[in-house]
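A.B. asks: Below you'll find final.cif; it's mmCIF, C-alpha atoms.
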```cif
data_target
loop_
_atom_site.label_atom_id
_atom_site.label_comp_id
_atom_site.auth_asym_id
_atom_site.auth_seq_id
_atom_site.Cartn_x
_atom_site.Cartn_y
_atom_site.Cartn_z
CA MET R 157 19.42 -49.17 -26.44
CA PRO R 158 15.89 -48.03 -25.49
CA ASP R 159 15.73 -44.77 -23.66
CA PRO R 160 15.05 -45.43 -19.94
CA ILE R 161 13.66 -41.92 -19.52
CA HIS R 162 11.12 -42.19 -22.31
CA GLN R 163 8.61 -43.91 -20.01
CA PHE R 164 8.30 -40.76 -17.90
CA GLU R 165 7.33 -38.46 -20.74
CA ILE R 166 3.95 -36.86 -20.65
CA HIS R 167 1.97 -36.38 -23.82
CA PRO R 168 -1.34 -34.65 -24.06
CA ILE R 169 -4.14 -36.91 -25.21
CA LEU R 170 -6.73 -34.18 -25.26
CA PRO R 171 -5.19 -30.70 -25.27
CA ILE R 172 -7.21 -28.27 -23.18
CA LYS R 173 -6.34 -24.67 -22.45
CA ILE R 174 -8.33 -22.43 -20.13
CA PHE R 175 -7.27 -18.81 -19.57
CA GLY R 176 -3.83 -19.62 -20.87
CA TRP R 177 -3.46 -22.50 -18.43
CA ASP R 178 -2.51 -25.83 -19.91
CA ILE R 179 -4.79 -28.39 -18.33
CA SER R 180 -4.58 -30.98 -21.08
CA PHE R 181 -5.80 -34.47 -20.44
CA THR R 182 -2.49 -36.34 -20.62
CA ASN R 183 -1.34 -39.93 -20.27
CA SER R 184 -0.72 -39.06 -16.61
CA SER R 185 -4.32 -37.87 -16.23
CA LEU R 186 -5.49 -41.04 -17.91
CA PHE R 187 -3.73 -43.21 -15.35
CA MET R 188 -4.95 -41.06 -12.46
CA LEU R 189 -8.46 -41.52 -13.74
CA LEU R 190 -7.88 -45.24 -14.28
CA THR R 191 -6.67 -45.49 -10.68
CA VAL R 192 -9.83 -43.84 -9.39
CA VAL R 193 -12.04 -46.01 -11.58
CA LEU R 194 -10.24 -49.20 -10.55
CA ILE R 195 -10.42 -48.43 -6.84
CA THR R 196 -14.07 -47.47 -7.03
CA ALA R 197 -14.96 -50.47 -9.16
CA PHE R 198 -13.06 -52.82 -6.86
CA PHE R 199 -14.85 -51.62 -3.75
CA MET R 200 -18.24 -51.48 -5.41
CA LEU R 201 -17.82 -55.00 -6.73
CA SER R 202 -16.37 -56.47 -3.58
CA MET R 203 -18.87 -54.87 -1.21
CA ARG R 204 -21.82 -55.59 -3.49
CA SER R 205 -23.28 -58.34 -1.33
CA ARG R 206 -22.26 -56.88 2.07
CA ALA R 207 -22.09 -60.45 3.30
CA LEU R 208 -21.74 -61.22 6.97
CA VAL R 209 -19.35 -63.97 6.00
CA PRO R 210 -17.19 -62.28 3.38
CA GLY R 211 -16.17 -63.83 0.09
CA ARG R 212 -12.71 -63.49 -1.41
CA LEU R 213 -13.11 -60.01 -2.85
CA GLN R 214 -14.94 -58.67 0.17
CA SER R 215 -12.20 -60.05 2.41
CA MET R 216 -9.62 -58.15 0.39
CA ALA R 217 -11.59 -54.94 0.68
CA GLU R 218 -12.03 -55.43 4.41
CA VAL R 219 -8.39 -56.34 4.93
CA GLY R 220 -7.40 -53.12 3.15
CA TYR R 221 -9.83 -51.14 5.28
CA GLU R 222 -8.59 -52.70 8.51
CA PHE R 223 -4.96 -52.38 7.46
CA VAL R 224 -5.15 -48.63 6.97
CA GLY R 225 -7.55 -48.25 9.89
CA ASN R 226 -5.21 -50.03 12.30
CA MET R 227 -2.25 -48.05 10.99
CA LEU R 228 -4.03 -44.79 11.73
CA ARG R 229 -5.46 -45.94 15.07
CA GLU R 230 -2.14 -47.19 16.35
CA SER R 231 -0.44 -43.89 15.48
CA THR R 232 -3.07 -41.37 16.47
CA GLY R 233 -5.44 -43.20 18.76
CA HIS R 234 -9.16 -42.74 18.40
CA ALA R 235 -8.94 -38.99 17.73
CA GLY R 236 -7.27 -39.56 14.38
CA MET R 237 -10.06 -41.71 12.95
CA LYS R 238 -11.71 -38.52 11.71
CA TYR R 239 -9.00 -38.36 9.06
CA PHE R 240 -9.42 -41.96 8.03
CA PRO R 241 -11.00 -41.13 4.64
CA LEU R 242 -8.05 -38.91 3.75
CA VAL R 243 -5.46 -41.46 4.85
CA PHE R 244 -7.31 -44.29 3.14
CA THR R 245 -7.59 -42.29 -0.09
CA LEU R 246 -3.88 -41.51 0.04
CA PHE R 247 -2.97 -45.15 0.56
CA THR R 248 -5.21 -46.62 -2.11
CA PHE R 249 -4.39 -43.89 -4.64
CA ILE R 250 -0.62 -44.22 -4.23
CA PHE R 251 -0.75 -48.01 -4.01
CA VAL R 252 -2.80 -48.44 -7.18
CA CYS R 253 -0.75 -45.83 -9.07
CA ASN R 254 2.45 -47.64 -8.07
CA MET R 255 1.03 -51.04 -8.98
CA LEU R 256 -0.31 -49.85 -12.34
CA GLY R 257 3.16 -48.53 -13.04
CA MET R 258 4.51 -52.06 -12.69
CA ILE R 259 2.58 -53.16 -15.79
CA PRO R 260 4.89 -52.82 -18.82
CA GLY R 261 4.01 -49.87 -21.03
CA PHE R 262 1.90 -48.22 -18.32
CA PHE R 263 2.62 -44.77 -17.00
CA THR R 264 3.62 -44.35 -13.36
CA VAL R 265 1.79 -41.34 -11.94
CA THR R 266 3.89 -41.28 -8.78
CA SER R 267 7.17 -41.07 -10.69
CA HIS R 268 6.64 -37.32 -11.11
CA ILE R 269 7.82 -35.05 -8.34
CA VAL R 270 4.94 -32.66 -8.79
CA VAL R 271 2.40 -35.38 -7.96
CA THR R 272 4.19 -36.64 -4.87
CA ALA R 273 4.96 -33.08 -3.79
CA ALA R 274 1.30 -32.14 -4.12
CA LEU R 275 0.27 -35.15 -2.01
CA ALA R 276 2.95 -34.37 0.57
CA ALA R 277 1.86 -30.72 0.62
CA LEU R 278 -1.72 -31.84 1.15
CA VAL R 279 -0.60 -33.83 4.18
CA PHE R 280 1.63 -31.01 5.43
CA LEU R 281 -1.13 -28.40 5.18
CA THR R 282 -3.64 -30.76 6.75
CA VAL R 283 -1.26 -31.31 9.66
CA LEU R 284 -0.77 -27.56 10.09
CA ALA R 285 -4.50 -26.84 9.88
CA VAL R 286 -5.45 -29.67 12.25
CA GLY R 287 -2.60 -28.81 14.61
CA PHE R 288 -3.58 -25.17 15.01
CA ALA R 289 -7.32 -25.86 14.96
CA LYS R 290 -7.11 -28.48 17.70
CA ASN R 291 -4.39 -27.02 19.89
CA GLY R 292 -4.17 -23.34 18.98
CA ILE R 293 -0.86 -21.84 19.93
CA ARG R 294 0.02 -24.93 21.98
CA PHE R 295 0.71 -26.66 18.68
CA LEU R 296 4.07 -24.85 18.72
CA LYS R 297 5.01 -27.00 21.73
CA LEU R 298 5.80 -29.57 19.05
CA PHE R 299 9.05 -27.70 18.52
CA VAL R 300 9.94 -27.58 22.21
CA PRO R 301 10.91 -31.05 23.43
CA SER R 302 10.57 -31.49 27.18
CA GLY R 303 13.57 -32.23 29.36
CA VAL R 304 16.11 -30.33 27.28
CA PRO R 305 18.58 -28.05 29.12
CA ILE R 306 17.71 -24.36 28.67
CA LEU R 307 21.15 -23.59 27.24
CA ILE R 308 20.80 -25.71 24.14
CA LEU R 309 17.04 -25.28 23.84
CA PRO R 310 17.23 -22.59 21.11
CA LEU R 311 19.39 -24.86 19.04
CA VAL R 312 17.04 -27.81 19.55
CA ILE R 313 14.03 -25.68 18.63
CA LEU R 314 15.79 -24.53 15.47
CA ILE R 315 16.57 -28.14 14.54
CA GLU R 316 13.00 -29.19 15.27
CA ILE R 317 11.62 -26.42 13.06
CA ILE R 318 13.95 -27.28 10.22
CA SER R 319 13.10 -30.95 10.50
CA PHE R 320 9.39 -30.13 10.55
CA LEU R 321 9.68 -27.93 7.48
CA SER R 322 11.73 -30.49 5.60
CA ARG R 323 9.11 -33.16 6.19
CA PRO R 324 7.12 -32.53 2.99
CA ILE R 325 10.35 -32.63 1.01
CA SER R 326 11.50 -36.00 2.33
CA HIS R 327 7.91 -37.22 2.29
CA SER R 328 7.51 -36.47 -1.43
CA VAL R 329 11.03 -37.19 -2.66
CA ARG R 330 11.07 -40.63 -0.99
CA LEU R 331 8.11 -41.84 -3.03
CA PHE R 332 9.11 -40.04 -6.22
CA ALA R 333 12.74 -41.21 -6.14
CA ASN R 334 11.85 -44.80 -5.36
CA MET R 335 9.41 -45.00 -8.25
CA LEU R 336 11.72 -43.18 -10.64
CA ALA R 337 14.86 -45.15 -9.78
CA GLY R 338 13.04 -48.48 -9.81
CA HIS R 339 11.58 -47.93 -13.23
CA ILE R 340 14.84 -46.63 -14.68
CA THR R 341 16.71 -49.66 -13.31
CA LEU R 342 14.17 -52.05 -14.73
CA LYS R 343 14.33 -50.37 -18.10
CA VAL R 344 18.15 -50.34 -18.10
CA PHE R 345 18.34 -54.05 -17.36
CA GLY R 346 15.67 -54.76 -19.96
CA GLY R 347 17.75 -52.69 -22.39
CA PHE R 348 20.84 -54.76 -21.57
CA VAL R 349 19.01 -57.90 -22.63
CA VAL R 350 18.07 -56.39 -25.99
CA MET R 351 21.55 -54.99 -26.49
CA LEU R 352 23.33 -58.24 -25.67
CA LEU R 353 21.03 -60.18 -27.98
CA GLY R 354 22.19 -57.97 -30.83
CA ALA R 355 25.86 -58.26 -29.96
CA GLY R 356 26.86 -61.52 -31.64
CA THR R 357 28.49 -64.00 -29.26
CA PHE R 358 27.68 -61.83 -26.28
CA ALA R 359 24.07 -62.89 -26.77
CA ALA R 360 25.03 -65.88 -24.62
CA LEU R 361 25.24 -63.48 -21.66
CA SER R 362 21.78 -62.03 -22.20
CA PRO R 363 20.03 -64.33 -19.67
CA LEU R 364 22.00 -62.65 -16.87
CA PRO R 365 20.38 -59.21 -17.11
CA LEU R 366 17.10 -60.95 -17.86
CA LEU R 367 17.30 -62.80 -14.55
CA MET R 368 18.22 -59.53 -12.90
CA ALA R 369 15.22 -57.84 -14.49
CA VAL R 370 12.94 -60.60 -13.23
CA ALA R 371 14.34 -60.32 -9.72
CA LEU R 372 14.09 -56.53 -9.84
CA THR R 373 10.48 -56.73 -10.97
CA ALA R 374 9.67 -58.70 -7.84
CA LEU R 375 11.56 -56.18 -5.76
CA GLU R 376 9.76 -53.29 -7.45
CA VAL R 377 6.37 -54.82 -6.73
CA LEU R 378 7.43 -54.95 -3.10
CA VAL R 379 8.68 -51.36 -3.28
CA ALA R 380 5.44 -50.24 -4.90
CA PHE R 381 3.52 -51.53 -1.90
CA LEU R 382 6.13 -50.50 0.63
CA GLN R 383 6.33 -46.89 -0.55
CA ALA R 384 2.55 -46.56 -0.43
CA TYR R 385 2.70 -47.99 3.09
CA VAL R 386 5.57 -45.71 4.14
CA PHE R 387 3.84 -42.63 2.74
CA THR R 388 0.65 -43.52 4.61
CA MET R 389 2.51 -44.42 7.80
CA LEU R 390 4.33 -41.09 7.81
CA THR R 391 1.03 -39.32 7.19
CA CYS R 392 -0.36 -41.05 10.28
CA MET R 393 2.65 -40.03 12.36
CA TYR R 394 2.44 -36.42 11.20
CA LEU R 395 -1.26 -36.39 12.00
CA ASN R 396 -0.43 -37.69 15.44
CA ASP R 397 1.89 -34.71 15.92
CA ALA R 398 -0.96 -32.43 14.95
CA LEU R 399 -3.36 -34.10 17.38
CA HIS R 400 -0.98 -34.64 20.30
CA PRO R 401 1.85 -32.10 19.95
CA GLY R 402 3.02 -32.57 23.54
CA HIS R 403 4.67 -35.92 22.84
CA MET X 150 33.77 -55.00 -27.24
CA ALA X 151 32.42 -54.68 -23.71
CA ASP X 152 33.80 -51.16 -23.54
CA LYS X 153 32.13 -50.34 -26.81
CA VAL X 154 28.82 -51.62 -25.46
CA GLY X 155 29.20 -49.52 -22.32
CA ALA X 156 30.10 -46.46 -24.35
CA GLN X 157 27.21 -47.01 -26.67
CA LYS X 158 24.86 -47.24 -23.69
CA ALA X 159 26.22 -44.10 -22.08
CA GLY X 160 26.15 -42.36 -25.41
CA THR X 161 22.56 -43.20 -26.18
CA ALA X 162 20.95 -42.99 -22.77
CA VAL X 163 22.15 -39.62 -21.61
CA PRO X 164 21.71 -37.29 -24.59
CA GLU X 165 18.27 -38.57 -25.46
CA GLY X 166 17.01 -38.16 -21.89
CA VAL X 167 18.58 -34.89 -20.80
CA GLY X 168 19.80 -33.49 -24.06
CA PRO X 169 19.94 -29.80 -24.86
CA GLY X 170 16.50 -28.32 -25.14
CA LYS X 171 14.98 -31.37 -23.53
CA VAL X 172 14.14 -31.42 -19.84
CA PHE X 173 14.19 -34.51 -17.67
CA PRO X 174 10.44 -35.29 -17.91
CA PRO X 175 9.68 -35.96 -14.23
CA LEU X 176 11.04 -32.51 -13.40
CA ASP X 177 9.64 -30.64 -16.42
CA PRO X 178 7.74 -27.59 -15.09
CA GLY X 179 5.73 -27.45 -18.31
CA THR X 180 3.80 -30.54 -17.26
CA PHE X 181 3.14 -29.39 -13.69
CA ALA X 182 -0.07 -27.52 -14.31
CA PRO X 183 -2.03 -30.30 -16.08
CA GLN X 184 -0.75 -32.89 -13.61
CA LEU X 185 -1.77 -30.78 -10.62
CA ILE X 186 -5.19 -30.04 -12.05
CA TRP X 187 -5.91 -33.66 -12.86
CA LEU X 188 -4.45 -34.87 -9.61
CA ALA X 189 -6.73 -32.50 -7.73
CA LEU X 190 -9.73 -33.62 -9.76
CA THR X 191 -9.10 -37.36 -9.58
CA PHE X 192 -7.86 -37.40 -6.00
CA GLY X 193 -10.75 -35.23 -4.91
CA LEU X 194 -13.20 -37.47 -6.71
CA LEU X 195 -11.67 -40.58 -5.16
CA TYR X 196 -11.78 -38.92 -1.73
CA LEU X 197 -15.46 -38.12 -2.10
CA VAL X 198 -16.37 -41.58 -3.40
CA LEU X 199 -14.45 -43.33 -0.67
CA LYS X 200 -15.68 -41.05 2.09
CA ARG X 201 -19.32 -40.91 1.06
CA VAL X 202 -19.94 -44.37 -0.35
CA VAL X 203 -17.21 -46.95 0.06
CA LEU X 204 -15.85 -46.47 3.56
CA PRO X 205 -19.25 -46.22 5.31
CA ARG X 206 -20.31 -49.37 3.51
CA VAL X 207 -17.20 -51.35 4.49
CA GLY X 208 -17.23 -49.97 8.00
CA GLU X 209 -20.89 -50.82 8.41
CA VAL X 210 -20.33 -54.42 7.36
CA ILE X 211 -17.36 -54.84 9.67
CA GLU X 212 -19.16 -53.19 12.56
CA GLU X 213 -22.24 -55.30 12.00
CA ARG X 214 -20.14 -58.42 12.00
CA SER X 215 -18.32 -57.53 15.19
CA ASP X 216 -21.66 -56.63 16.81
CA ARG X 217 -23.08 -59.92 15.70
CA ILE X 218 -20.10 -61.81 17.07
CA LYS X 219 -20.33 -59.90 20.35
CA ARG X 220 -24.04 -60.63 20.54
CA ASP X 221 -23.54 -64.29 19.75
CA LEU X 222 -20.79 -64.57 22.33
CA ALA X 223 -22.98 -62.92 24.95
CA GLN X 224 -25.81 -65.28 24.11
CA ALA X 225 -23.49 -68.27 24.26
CA GLU X 226 -22.29 -67.04 27.64
CA LYS X 227 -25.86 -66.71 28.85
CA LEU X 228 -26.80 -70.15 27.55
CA LYS X 229 -23.76 -71.59 29.25
CA ALA X 230 -24.79 -70.00 32.54
CA ASP X 231 -28.32 -71.35 32.08
CA THR X 232 -26.93 -74.79 31.42
CA GLN X 233 -24.80 -74.58 34.54
CA LYS X 234 -27.83 -73.56 36.55
CA ALA X 235 -29.96 -76.33 35.12
CA LEU X 236 -27.20 -78.81 35.79
CA GLY X 237 -26.96 -77.57 39.37
CA ASN X 238 -30.73 -77.91 39.80
CA TYR X 239 -30.61 -81.39 38.36
CA GLU X 240 -27.82 -82.41 40.71
CA GLN X 241 -29.75 -80.94 43.62
CA ALA X 242 -32.93 -82.77 42.62
CA LEU X 243 -30.99 -85.96 42.17
CA SER X 244 -29.40 -85.82 45.59
CA ASP X 245 -32.76 -84.85 47.16
CA ALA X 246 -34.42 -87.80 45.49
CA ARG X 247 -31.64 -90.06 46.63
CA ALA X 248 -31.98 -88.90 50.21
CA LYS X 249 -35.76 -89.33 50.08
CA ALA X 250 -35.46 -92.79 48.59
CA GLY X 251 -33.04 -93.71 51.36
CA ALA X 252 -35.45 -92.44 53.97
CA ILE X 253 -38.39 -94.34 52.48
CA ALA X 254 -36.34 -97.53 52.30
CA LYS X 255 -35.31 -97.14 55.90
CA THR X 256 -38.84 -96.62 57.24
CA MET X 257 -40.07 -99.52 55.16
CA ARG X 258 -37.31 -101.74 56.49
CA ASP X 259 -37.98 -100.68 60.05
CA LYS X 260 -41.68 -101.34 59.64
CA LEU X 261 -41.10 -104.77 58.14
CA THR X 262 -38.61 -105.66 60.82
CA ALA X 263 -41.09 -104.65 63.49
CA GLU X 264 -43.86 -106.72 61.91
CA VAL X 265 -41.63 -109.71 61.51
CA ASP X 266 -40.55 -109.42 65.13
CA LYS X 267 -44.14 -109.24 66.29
CA GLU X 268 -45.12 -112.24 64.20
CA ARG X 269 -42.17 -114.19 65.44
CA ALA X 270 -42.97 -113.37 69.03
CA LYS X 271 -46.56 -114.55 68.49
CA VAL X 272 -45.50 -117.76 66.84
CA GLU X 273 -42.95 -118.40 69.54
CA ALA X 274 -45.60 -117.88 72.21
CA GLN X 275 -47.90 -120.38 70.51
CA ILE X 276 -45.09 -122.89 70.25
CA ALA X 277 -44.26 -122.37 73.87
CA ALA X 278 -47.89 -122.98 74.87
CA LYS X 279 -48.05 -126.15 72.82
CA LEU X 280 -44.79 -127.29 74.31
CA ALA X 281 -46.06 -126.72 77.82
CA GLU X 282 -49.22 -128.65 77.08
CA ALA X 283 -47.29 -131.51 75.58
CA GLU X 284 -45.00 -131.61 78.57
CA LYS X 285 -47.95 -131.72 80.88
CA ARG X 286 -49.41 -134.60 78.96
CA ILE X 287 -46.15 -136.48 79.07
CA THR X 288 -45.95 -135.98 82.81
CA GLU X 289 -49.51 -137.18 83.26
CA THR X 290 -48.94 -140.22 81.11
CA LYS X 291 -45.75 -140.96 83.01
CA SER X 292 -47.39 -140.76 86.45
CA TYR X 293 -50.31 -142.86 85.27
CA ALA X 294 -47.93 -145.40 83.86
CA LEU X 295 -45.97 -145.48 87.08
CA ALA X 296 -49.18 -145.91 89.03
CA SER X 297 -50.20 -148.87 86.87
CA VAL X 298 -46.88 -150.65 87.51
CA GLY X 299 -48.01 -152.13 90.89
CA GLU X 300 -51.19 -153.58 89.50
CA ILE X 301 -49.41 -155.11 86.51
CA ALA X 302 -46.83 -156.58 88.84
CA SER X 303 -49.46 -158.19 91.06
CA GLU X 304 -51.34 -159.55 88.07
CA VAL X 305 -48.13 -161.00 86.64
CA ALA X 306 -47.24 -162.37 90.05
CA GLY X 307 -50.75 -163.95 90.30
CA VAL X 308 -50.32 -165.65 86.92
CA ILE X 309 -46.84 -166.89 87.85
CA VAL X 310 -48.08 -168.23 91.16
CA THR X 311 -51.00 -170.02 89.47
CA ARG X 312 -48.58 -171.67 87.06
CA LEU X 313 -46.19 -172.62 89.82
CA ILE X 314 -48.60 -174.05 92.29
CA GLY X 315 -51.47 -174.96 89.97
CA LYS X 316 -53.97 -173.24 92.09
CA ASP X 317 -55.98 -170.12 91.53
CA VAL X 318 -55.18 -167.16 93.74
CA THR X 319 -57.22 -164.05 93.92
CA LYS X 320 -55.88 -160.75 93.21
CA ASP X 321 -56.35 -159.60 96.73
CA GLU X 322 -54.33 -162.47 98.07
CA VAL X 323 -51.47 -161.71 95.79
CA LYS X 324 -51.68 -158.09 96.66
CA ARG X 325 -51.71 -158.78 100.33
CA ALA X 326 -48.80 -161.09 100.04
CA LEU X 327 -46.91 -158.58 97.98
CA VAL X 328 -47.60 -155.72 100.34
CA GLN X 329 -46.64 -157.94 103.29
CA ARG X 330 -43.46 -159.02 101.58
CA ALA X 331 -42.69 -155.46 100.64
CA ALA X 332 -43.16 -154.43 104.29
CA GLU X 333 -40.68 -157.11 105.57
#
```
Any chance you could put this one into C-alpha cells?
C.D. replies:
Amino acid sequence: MPDPIHQFEIHPILPIKIFGWDISFTNSSLFMLLTVVLITAFFMLSMRSRALVPGRLQSMAEVGYEFVGNMLRESTGHAGMKYFPLVFTLFTFIFVCNMLGMIPGFFTVTSHIVVTAALAALVFLTVLAVGFAKNGIRFLKLFVPSGVPILILPLVILIEIISFLSRPISHSVRLFANMLAGHITLKVFGGFVVMLLGAGTFAALSPLPLLMAVALTALEVLVAFLQAYVFTMLTCMYLNDALHPGH
Amino acid sequence: MADKVGAQKAGTAVPEGVGPGKVFPPLDPGTFAPQLIWLALTFGLLYLVLKRVVLPRVGEVIEERSDRIKRDLAQAEKLKADTQKALGNYEQALSDARAKAGAIAKTMRDKLTAEVDKERAKVEAQIAAKLAEAEKRITETKSYALASVGEIASEVAGVIVTRLIGKDVTKDEVKRALVQRAAE
C-alpha cells in the first residue's frame, strides 16, 4: 500500500543555509513560486488586450476580480476596498495552491500548518493593526457587545476575547485540515484500488474504491475552491470588525 | 482475507508515516523556516505584482467599461428625449397645418359660394326681365288679336252675305248692320 503521508514530505531541491538558518529551496517553495508565476502569467495574458468587450480569458480575470471585490465590498463596505490587493492576493494564492495540489504528483502548499498559520497570522495582525489605527482604543468595543446585562458582561467580554484570539487558529486549521484530510483520503482510496488489484479474486472489487476516488476528486476540487473562498470570506469579515468594531 | 488486507493497510500506513524518529511531515518544525521564508518571498512578490500591475489594469478596464456604458446610456437617454421633442414638434406642426388647411378651404368655399350666389342672382334677374318682356309681348299680341276679331267677323259676314244674296255689299253696310244688330 502506498504511503498516504508521503505526498506531504518536503525535500530540499536547492539547500541554502544563511546564518545557520535553513532556507532551502524545497518542493514547497517550488510550488509557491509556480503559483505566483501562474497567477501573474494568467493575468498578464488575459489582460493583454484590455478589450472593452472582453474575450474568454479576460472575462475570467474580470470575474475573479469582481468576485473578490464584491465579497470584500459586501462585508466591509467602501472603506475596506483599501485592503483589496491583500484580500485578492490571499484568494488567488490559496486558490491556485489548492488547485495545483489536485494534480496528481503535485505538492499541496496549503497542506502544511505553518503556511496556513502564517497566512492566518498575517490576517490577524492586519486586523489588529487596522483596528487600532482606525479606531484607537475604541477598537476594544469589539469585545463589548451592546445590550448585554451588566451582570454577565464580564463573562461575555471574556468569551469575546477568547473567540477573537482563537480566530487565527480556526482560520488556519480549517484550510490546513481540509487540504490534508482530502489528500489523505484520495490517496487511501487510490491505494485500495492498487491493493485490491493485487489480491487475486478481490480484484473484482477494485472498481468500487476507484469510483469513490473519482467522486472524491470532484469533491476535492470543490473543496479546494470552497476553502479558498471561506478563507477569503473570513478575512473580509475580520477586516470588517477592524473597520467597524461597533457592530 | 479482508481482515488481512485491513491489517496490512494499518500496518503499512501508520509506521511509515509517523514511525519512531519520523515526524508527521505537515507538522515537522524542521521544515517551518524554509517554508516561512519562501512563503514570505513568494506571497510578497505576488502581492506587489497584483497590487502594482495586475489589479490597476483590471480595475481600469472594468471602470472604463462601466463609464462607457453609463455614457452610452446617458446619450441614448438624451437622444430619446430629442426624438420625443422632435416628434412633439412634428405633431404640433401637423395639427397647425391641418387647422390652416381647414381655414383656407373654408374661406375658399365661402368665396365660391358667394360668387355663385351673385352669378345666380344676376342670371335670375336677366331671366326675369326676359320673361316680363315676353309676357308683355304676349299681352300685346292678344289684345291686337282680339281687336282684329270684329273686322274679320264683318269681312266673313260680308262674304257670306254676298254668296247668299248674290249681291255685293260694302264693308260699311255690313258693319252698320252688324252694329245695329248687336245693339238690338
A.B. asks: Quick one: residues within 9 Å of Phe263 of chain R, all atoms listed in the file, excluding same-chain residues fewer than 2 positions away - as a list of chain:residue names?
C.D. replies: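 What passes the distance filter is R:Gln163, R:Phe164, R:Glu165, R:Ile166, R:Asn183, R:Ser184, R:Leu186, R:Phe187, R:Cys253, R:Leu256, R:Gly257, R:Met258, R:Ile259, R:Pro260, R:Gly261, R:Val265, R:Ser267.
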A.B. asks: Please return, as number ranges by chain, all residues of chain R lying within 6 Å of chain X when only C-alpha atoms are considered.
C.D. replies: R: 159, 161, 164-165, 178-180, 185, 189, 192, 208, 241, 245, 268
A.B. asks: Mind checking which residues fall within 9 Å of segment 379-384 of chain R, counting all atoms listed in the file, ignoring those fewer than 5 positions away in the same chain, and posting them as an mmCIF file with C-alpha atoms, in the coordinates of the input?
C.D. replies:
```
data_model
loop_
_atom_site.group_PDB
_atom_site.id
_atom_site.type_symbol
_atom_site.label_atom_id
_atom_site.label_comp_id
_atom_site.auth_asym_id
_atom_site.auth_seq_id
_atom_site.Cartn_x
_atom_site.Cartn_y
_atom_site.Cartn_z
ATOM 1 C CA LEU R 246 -3.880 -41.510 0.040
ATOM 2 C CA PHE R 247 -2.970 -45.150 0.560
ATOM 3 C CA THR R 248 -5.210 -46.620 -2.110
ATOM 4 C CA PHE R 249 -4.390 -43.890 -4.640
ATOM 5 C CA ILE R 250 -0.620 -44.220 -4.230
ATOM 6 C CA PHE R 251 -0.750 -48.010 -4.010
ATOM 7 C CA VAL R 252 -2.800 -48.440 -7.180
ATOM 8 C CA CYS R 253 -0.750 -45.830 -9.070
ATOM 9 C CA ASN R 254 2.450 -47.640 -8.070
ATOM 10 C CA MET R 255 1.030 -51.040 -8.980
ATOM 11 C CA GLY R 257 3.160 -48.530 -13.040
ATOM 12 C CA MET R 258 4.510 -52.060 -12.690
ATOM 13 C CA ARG R 330 11.070 -40.630 -0.990
ATOM 14 C CA LEU R 331 8.110 -41.840 -3.030
ATOM 15 C CA ASN R 334 11.850 -44.800 -5.360
ATOM 16 C CA MET R 335 9.410 -45.000 -8.250
ATOM 17 C CA GLY R 338 13.040 -48.480 -9.810
ATOM 18 C CA ALA R 374 9.670 -58.700 -7.840
ATOM 19 C CA MET R 389 2.510 -44.420 7.800
#
```
A.B. asks: Near Ala306 of chain X, counting all atoms listed in the file, which residues have an atom at most 9 Å away, once you skip same-chain residues fewer than 5 positions from it, shown as number ranges by chain?
C.D. replies: X: 301, 311, 323, 327
A.B. asks: Nearest residue to Ala277 of chain R out of R:Ser322, R:Thr373, R:Ser215, R:Thr264, using all atoms listed in the file?
C.D. replies: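 Answer, going by the shortest atom-to-atom distance: R:Ser322.
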A.B. asks: Using Å and a single decimal, report how far atom CA of Tyr394 of chain R sits from atom CA of Phe288 of chain R.
C.D. replies: 13.3 Å
A.B. asks: Hey, which of R:Trp177, R:Cys392, R:Gly346, R:Leu366 ends up closest to Leu242 of chain R? Count only C-alpha atoms.
C.D. replies: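 Ranked by minimum distance to Leu242 of chain R, first place goes to R:Cys392.
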A.B. asks: If the PyMOL selection byres ((chain X and resi 320) around 10) were run on this exact file, what residues would it hold? Put them as JSON, numbers by chain.
C.D. replies: {"X": [300, 303, 304, 306, 307, 308, 317, 318, 319, 321, 322, 323, 324, 325, 326]}
A.B. asks: Write the selection just made, keeping C-alpha atoms, as a JSON list (two decimals), keeping the file's coordinate frame?
C.D. replies:
```
[["chain", "number", "residue", "atom", "x", "y", "z"],
["X", 300, "GLU", "CA", -51.19, -153.58, 89.50],
["X", 303, "SER", "CA", -49.46, -158.19, 91.06],
["X", 304, "GLU", "CA", -51.34, -159.55, 88.07],
["X", 306, "ALA", "CA", -47.24, -162.37, 90.05],
["X", 307, "GLY", "CA", -50.75, -163.95, 90.30],
["X", 308, "VAL", "CA", -50.32, -165.65, 86.92],
["X", 317, "ASP", "CA", -55.98, -170.12, 91.53],
["X", 318, "VAL", "CA", -55.18, -167.16, 93.74],
["X", 319, "THR", "CA", -57.22, -164.05, 93.92],
["X", 321, "ASP", "CA", -56.35, -159.60, 96.73],
["X", 322, "GLU", "CA", -54.33, -162.47, 98.07],
["X", 323, "VAL", "CA", -51.47, -161.71, 95.79],
["X", 324, "LYS", "CA", -51.68, -158.09, 96.66],
["X", 325, "ARG", "CA", -51.71, -158.78, 100.33],
["X", 326, "ALA", "CA", -48.80, -161.09, 100.04]]
```
A.B. asks: As a check of understanding, name the residues that the PyMOL selection byres ((chain R and resi 169-171) around 6) selects in the supplied structure, as a list of chain:residue names.
C.D. replies: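 Selected by the PyMOL selection byres ((chain R and resi 169-171) around 6) here: R:Pro168, R:Ile172, R:Ser180, R:Phe181, R:Thr182.
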A.B. asks: Using only C-alpha atoms, which of X:Leu236, X:Ala302, X:Ala223, X:Leu313 sits nearest Val328 of chain X?
C.D. replies: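 Selected residue with least distance to Val328 of chain X: X:Ala302.
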A.B. asks: What is the atom CA of Ala252 of chain X-atom CA of Glu264 of chain X distance in Å, reported with one decimal?
C.D. replies: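 Separation of atom CA of Ala252 of chain X and atom CA of Glu264 of chain X: 18.4 Å.
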A.B. asks: Please compute the atom CA of Met188 of chain R-atom CA of Val329 of chain R distance, one decimal, in Å.
C.D. replies: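 That distance, rounded to one decimal, is 19.1 Å.
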A.B. asks: Could you give me, as a ChimeraX atom specification, the residues within 10 Å of Leu390 of chain R, counting only C-alpha atoms and dropping anything in the same chain fewer than 6 positions from it?
C.D. replies: /R:228,231,276,279,323,327,396
A.B. asks: Check the smallest atom-to-atom distance from each of R:Leu314, R:Glu222, R:Met368, R:Ser205 to Pro301 of chain R using all atoms listed in the file, then report the winner.
C.D. replies: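 Nearest to Pro301 of chain R: R:Leu314.
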A.B. asks: Counting only C-alpha atoms, which of R:Thr266, R:Ser362, R:Phe387, R:Leu278 gets nearest to Phe345 of chain R?
C.D. replies: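 Checking each of R:Thr266, R:Ser362, R:Phe387, R:Leu278 against Phe345 of chain R, counting only C-alpha atoms, the winner is R:Ser362.
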